[in-house]
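Contents: one structure, followed by commentary.
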Amino acid sequence: MHQLLTGNNLRFLFDGLKLTLYISFVSIVLSTIFGTILAVLRNQKKGPLKFLSSLYIEVVRNIPNLLWIYVIFLIFKIKSTPAGIVSFTVFTTAALAEIIRGGLNGVDKGQKEAARSQGFSNFQILVYIVLPQAIRNVLPAIVSQFVTVIKDTSFLYSVIALQELFGKSYILMGRYAQTEQVFMIYGLVALMYFVINFSISQFSRWLSRNWA
């Protein structure tokens with residue numbers, strides 16, 4: 001076991017963890033921006049933009065993320081890390097669009113009417129009244145989505161050989177033949193995933209309690 005838990009091996013795994021967190025963070029930030037835009041467009045009463053945003057959300061949400069990783073990597077032929085970010089952004093944008101749209105619909109219509117009576121334009125109502133409240137209401141759900149993205153990055157090694165945390169652990173397992181060593185690596189990686197995702201989940205619950 002001492003031979004397994006060397007400084008080089010731990011650094012090897014932590015390099016994978018850093019890549020996992022980097023891909024997850026960039027994807028969730030981009031997805032929140034694009035998801036907000038799609039949610040606003042889909043909430044319109046009618047028009048081609050409503051149709052296109054609805055089409056994107058429904059198509060992307062109902063096709064597995066694993067397939068999007070294949071499609072983006074093979075068709076667009078971009079490098080592994082950008083391919084991972086793009087594929088997770090594409091998929092997570094659709095998920096967050098529905099979450100944010102729920103937040104938009106949860107804002108009291110009376111506030112919109114009151115703002116309109118004060119001379120606010122529709123754009124001002126959206127930017128200054130509706131969006132801040134909607135994002136505030138669904139922020140815990142957005143944070144929870146971060147957990148899903150972190151876990152799902154484990155697909156990337158098997159699909160495009162990207163050496164994130166799970167990929168690094170898989171490579172490390174190939175260097176050790178004993179069963180207890182393999183289980184030790186699995187346990188260590190599982191612990192790393194658990195600590196990060198549990199911390200994020202607890203933060204999400206804290207937001208929900210304090211913002212209720």
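Ligands are numbered from 1 in the order shown, residues from 1 within each chain, and chains are lettered A, B, ... in the order they appear in the structure tokens.
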Practice problem: Using only C-alpha atoms, determine which residues lie at most 12 Å from Val29 (chain A), disregarding the query and same-chain residues fewer than 4 positions distant; provide the list as an MDAnalysis selection string. | Solution: chainID A and resid 22:25 33:36 85:86 88:90 92:93 96 142:143 145:146 149
Selected residues written out, C-alpha atoms, as a PDB file, in the first residue's frame:
```pdb
ATOM      1  CA  TYR A  22     -11.777  22.789 -14.706  1.00  0.00           C
ATOM      2  CA  ILE A  23     -14.046  21.154 -17.299  1.00  0.00           C
ATOM      3  CA  SER A  24     -16.971  21.125 -14.865  1.00  0.00           C
ATOM      4  CA  PHE A  25     -16.554  24.769 -13.821  1.00  0.00           C
ATOM      5  CA  ILE A  33     -25.267  31.916 -19.490  1.00  0.00           C
ATOM      6  CA  PHE A  34     -26.613  30.070 -22.532  1.00  0.00           C
ATOM      7  CA  GLY A  35     -29.316  28.348 -20.503  1.00  0.00           C
ATOM      8  CA  THR A  36     -30.592  31.707 -19.265  1.00  0.00           C
ATOM      9  CA  ILE A  85     -16.143  21.334 -22.365  1.00  0.00           C
ATOM     10  CA  VAL A  86     -18.258  21.822 -25.493  1.00  0.00           C
ATOM     11  CA  PHE A  88     -20.981  19.187 -21.447  1.00  0.00           C
ATOM     12  CA  THR A  89     -21.927  22.782 -22.227  1.00  0.00           C
ATOM     13  CA  VAL A  90     -24.270  21.634 -24.998  1.00  0.00           C
ATOM     14  CA  THR A  92     -26.046  21.058 -19.522  1.00  0.00           C
ATOM     15  CA  THR A  93     -27.328  24.210 -21.252  1.00  0.00           C
ATOM     16  CA  LEU A  96     -30.295  24.489 -16.963  1.00  0.00           C
ATOM     17  CA  ILE A 142     -27.854  25.195 -10.550  1.00  0.00           C
ATOM     18  CA  VAL A 143     -25.288  24.344  -7.877  1.00  0.00           C
ATOM     19  CA  GLN A 145     -26.300  20.484 -11.437  1.00  0.00           C
ATOM     20  CA  PHE A 146     -22.588  21.064 -10.866  1.00  0.00           C
ATOM     21  CA  VAL A 149     -21.461  17.473 -14.354  1.00  0.00           C
TER      22      VAL A 149
END
```
Quiz prompt | Within 12 Å of Ala39 (chain A) using only C-alpha atoms, minus same-chain residues under 5 positions, as number ranges by chain | solution = A: 31-34, 44, 49-54, 56-57, 93-105, 126, 131, 134-135
Limited to N, CA and C atoms, could you put the picked residues into a file as a CSV table (one decimal), in the first residue's frame?
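Resulting contents of again-v5.csv:
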```csv
chain,number,residue,atom,x,y,z
A,31,SER,N,-22.9,27.1,-19.5
A,31,SER,CA,-24.3,26.6,-19.5
A,31,SER,C,-25.3,27.5,-18.8
A,32,THR,N,-24.9,28.1,-17.7
A,32,THR,CA,-25.8,29.0,-17.0
A,32,THR,C,-26.1,30.2,-17.9
A,33,ILE,N,-25.1,30.8,-18.6
A,33,ILE,CA,-25.3,31.9,-19.5
A,33,ILE,C,-26.2,31.5,-20.7
A,34,PHE,N,-25.8,30.5,-21.4
A,34,PHE,CA,-26.6,30.1,-22.5
A,34,PHE,C,-28.0,29.5,-22.1
A,44,GLN,N,-41.1,33.2,-24.3
A,44,GLN,CA,-41.8,34.1,-25.1
A,44,GLN,C,-43.2,33.4,-25.5
A,49,LEU,N,-37.9,32.2,-32.5
A,49,LEU,CA,-36.9,32.0,-31.5
A,49,LEU,C,-37.4,31.1,-30.4
A,50,LYS,N,-38.7,31.2,-30.1
A,50,LYS,CA,-39.3,30.3,-29.1
A,50,LYS,C,-39.3,28.9,-29.6
A,51,PHE,N,-39.6,28.7,-30.9
A,51,PHE,CA,-39.6,27.4,-31.5
A,51,PHE,C,-38.2,26.8,-31.5
A,52,LEU,N,-37.2,27.6,-31.9
A,52,LEU,CA,-35.9,27.1,-32.0
A,52,LEU,C,-35.3,26.7,-30.7
A,53,SER,N,-35.6,27.6,-29.7
A,53,SER,CA,-35.0,27.3,-28.3
A,53,SER,C,-35.7,26.0,-27.8
A,54,SER,N,-37.0,25.9,-28.0
A,54,SER,CA,-37.7,24.7,-27.5
A,54,SER,C,-37.2,23.5,-28.2
A,56,TYR,N,-34.2,23.0,-29.5
A,56,TYR,CA,-32.9,22.7,-29.0
A,56,TYR,C,-33.0,22.0,-27.6
A,57,ILE,N,-33.8,22.5,-26.7
A,57,ILE,CA,-33.9,22.0,-25.4
A,57,ILE,C,-34.4,20.5,-25.4
A,93,THR,N,-26.6,23.0,-20.9
A,93,THR,CA,-27.3,24.2,-21.3
A,93,THR,C,-28.8,23.9,-21.3
A,94,ALA,N,-29.2,22.8,-22.0
A,94,ALA,CA,-30.6,22.4,-22.1
A,94,ALA,C,-31.2,22.1,-20.7
A,95,ALA,N,-30.4,21.4,-19.9
A,95,ALA,CA,-30.9,21.1,-18.5
A,95,ALA,C,-31.2,22.4,-17.7
A,96,LEU,N,-30.2,23.3,-17.7
A,96,LEU,CA,-30.3,24.5,-17.0
A,96,LEU,C,-31.4,25.4,-17.5
A,97,ALA,N,-31.6,25.4,-18.8
A,97,ALA,CA,-32.6,26.2,-19.4
A,97,ALA,C,-34.0,25.9,-18.8
A,98,GLU,N,-34.3,24.6,-18.6
A,98,GLU,CA,-35.5,24.3,-18.0
A,98,GLU,C,-35.6,24.7,-16.5
A,99,ILE,N,-34.5,24.5,-15.8
A,99,ILE,CA,-34.4,24.9,-14.4
A,99,ILE,C,-34.7,26.4,-14.3
A,100,ILE,N,-34.0,27.2,-15.1
A,100,ILE,CA,-34.1,28.7,-15.1
A,100,ILE,C,-35.5,29.1,-15.6
A,101,ARG,N,-36.0,28.4,-16.5
A,101,ARG,CA,-37.4,28.7,-17.0
A,101,ARG,C,-38.4,28.5,-15.9
A,102,GLY,N,-38.2,27.5,-15.1
A,102,GLY,CA,-39.1,27.3,-13.9
A,102,GLY,C,-38.9,28.5,-12.9
A,103,GLY,N,-37.7,29.0,-12.8
A,103,GLY,CA,-37.5,30.2,-11.9
A,103,GLY,C,-38.2,31.4,-12.5
A,104,LEU,N,-38.1,31.6,-13.8
A,104,LEU,CA,-38.8,32.7,-14.4
A,104,LEU,C,-40.3,32.7,-14.2
A,105,ASN,N,-40.9,31.5,-14.4
A,105,ASN,CA,-42.3,31.3,-14.2
A,105,ASN,C,-42.8,31.4,-12.8
A,126,LEU,N,-37.4,42.4,-17.3
A,126,LEU,CA,-36.7,41.2,-17.4
A,126,LEU,C,-35.3,41.3,-16.6
A,131,LEU,N,-35.2,38.4,-13.8
A,131,LEU,CA,-34.0,37.6,-13.8
A,131,LEU,C,-33.3,37.5,-12.5
A,134,ALA,N,-35.4,35.1,-10.4
A,134,ALA,CA,-35.4,33.8,-10.9
A,134,ALA,C,-34.1,33.1,-10.6
A,135,ILE,N,-33.0,33.7,-10.9
A,135,ILE,CA,-31.7,33.1,-10.7
A,135,ILE,C,-31.5,32.8,-9.2
```
Self-check item: Nearby residues (only C-alpha atoms) at most 12 Å from Asn197 (chain A), same-chain spacing under 5 positions excluded, as a PyMOL selection string
Solution: chain A and resi 21+24+143-152+190-192+202-204
Given the selection you just returned, output its residues as a file containing C-alpha atoms, formatted as a PDB file, in the first residue's frame.
```
ATOM      1  CA  LEU A  21     -12.971  20.516 -11.893  1.00  0.00           C
ATOM      2  CA  SER A  24     -16.971  21.125 -14.865  1.00  0.00           C
ATOM      3  CA  VAL A 143     -25.288  24.344  -7.877  1.00  0.00           C
ATOM      4  CA  SER A 144     -26.709  20.812  -7.679  1.00  0.00           C
ATOM      5  CA  GLN A 145     -26.300  20.484 -11.437  1.00  0.00           C
ATOM      6  CA  PHE A 146     -22.588  21.064 -10.866  1.00  0.00           C
ATOM      7  CA  VAL A 147     -22.512  17.727  -9.013  1.00  0.00           C
ATOM      8  CA  THR A 148     -24.025  15.951 -12.015  1.00  0.00           C
ATOM      9  CA  VAL A 149     -21.461  17.473 -14.354  1.00  0.00           C
ATOM     10  CA  ILE A 150     -18.550  16.454 -12.109  1.00  0.00           C
ATOM     11  CA  LYS A 151     -19.772  12.853 -11.929  1.00  0.00           C
ATOM     12  CA  ASP A 152     -20.488  12.611 -15.643  1.00  0.00           C
ATOM     13  CA  ALA A 190     -14.476   7.381  -4.920  1.00  0.00           C
ATOM     14  CA  LEU A 191     -13.519   9.288  -1.766  1.00  0.00           C
ATOM     15  CA  MET A 192     -12.310  12.256  -3.831  1.00  0.00           C
ATOM     16  CA  GLN A 202     -24.267  20.664   1.369  1.00  0.00           C
ATOM     17  CA  PHE A 203     -23.667  24.149  -0.028  1.00  0.00           C
ATOM     18  CA  SER A 204     -26.768  23.751  -2.212  1.00  0.00           C
TER      19      SER A 204
END
```
Quiz item: How far is it from CA of Ile75 (chain A) to CA of Gly16 (chain A), in Å with one decimal?
Solution: 25.5 Å
Quiz item: Looking only at the backbone, which of the residues in region 8-205 of chain A does DSSP tag as alpha helix (DSSP H), as a ChimeraX atom specification?
Solution: /A:8-42,48-61,65-76,80-105,109-117,122-124,131-152,155-160,165-173,179-205
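With only C-alpha atoms as the atoms that count, the residue of A:Lys168, A:Asn62, A:Gln124, A:Ile129 with the shortest distance to Gln111 (chain A) is A:Ile129.
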Quiz item: Between CA of Ile200 (chain A) and CA of Arg136 (chain A), what is the spacing in Å?
Solution: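 CA of Arg136 (chain A) sits 16.8 Å away from CA of Ile200 (chain A).
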Quiz item: CA of Ser208 (chain A) and CA of Pro140 (chain A) are how many Å apart?
Solution: 5.9 Å
Exercise. Identify, on the basis of only C-alpha atoms, every residue whose closest approach to Val159 (chain A) does not exceed 10 Å; exclude the query and any residue fewer than 2 positions from it along the same chain; express the result as JSON, numbers by chain.
Key: {"A": [66, 67, 69, 70, 73, 80, 84, 154, 155, 156, 157, 161, 162]}
Any chance you could export the current selection's N, CA and C atoms as a short mmCIF file (atom, residue, chain, number, x, y, z; two decimals), in the first residue's frame?
```cif
data_model
loop_
_atom_site.label_atom_id
_atom_site.label_comp_id
_atom_site.auth_asym_id
_atom_site.auth_seq_id
_atom_site.Cartn_x
_atom_site.Cartn_y
_atom_site.Cartn_z
N LEU A 66 -23.53 11.00 -23.49
CA LEU A 66 -22.46 10.18 -24.05
C LEU A 66 -22.41 10.30 -25.56
N LEU A 67 -23.59 10.34 -26.18
CA LEU A 67 -23.65 10.46 -27.64
C LEU A 67 -23.17 11.83 -28.10
N ILE A 69 -20.92 13.61 -26.68
CA ILE A 69 -19.45 13.61 -26.58
C ILE A 69 -18.86 12.99 -27.85
N TYR A 70 -19.41 11.85 -28.28
CA TYR A 70 -18.96 11.21 -29.52
C TYR A 70 -19.11 12.14 -30.71
N PHE A 73 -16.75 15.28 -30.63
CA PHE A 73 -15.33 14.92 -30.78
C PHE A 73 -15.03 14.42 -32.19
N SER A 80 -9.28 16.97 -27.10
CA SER A 80 -10.08 16.29 -26.07
C SER A 80 -10.67 17.24 -25.04
N GLY A 84 -14.56 18.02 -24.47
CA GLY A 84 -15.26 17.74 -23.22
C GLY A 84 -16.06 18.94 -22.74
N SER A 154 -16.64 11.47 -15.83
CA SER A 154 -16.00 10.16 -15.86
C SER A 154 -16.24 9.43 -17.18
N PHE A 155 -17.21 9.90 -17.99
CA PHE A 155 -17.43 9.32 -19.32
C PHE A 155 -16.28 9.64 -20.27
N LEU A 156 -15.60 10.73 -20.02
CA LEU A 156 -14.70 11.29 -21.02
C LEU A 156 -13.51 10.40 -21.35
N TYR A 157 -13.03 9.65 -20.37
CA TYR A 157 -11.87 8.80 -20.66
C TYR A 157 -12.25 7.65 -21.59
N ALA A 161 -10.70 9.37 -24.42
CA ALA A 161 -9.39 9.15 -23.77
C ALA A 161 -8.85 10.39 -23.06
N LEU A 162 -9.76 11.22 -22.55
CA LEU A 162 -9.34 12.40 -21.81
C LEU A 162 -8.98 11.99 -20.38
#
```
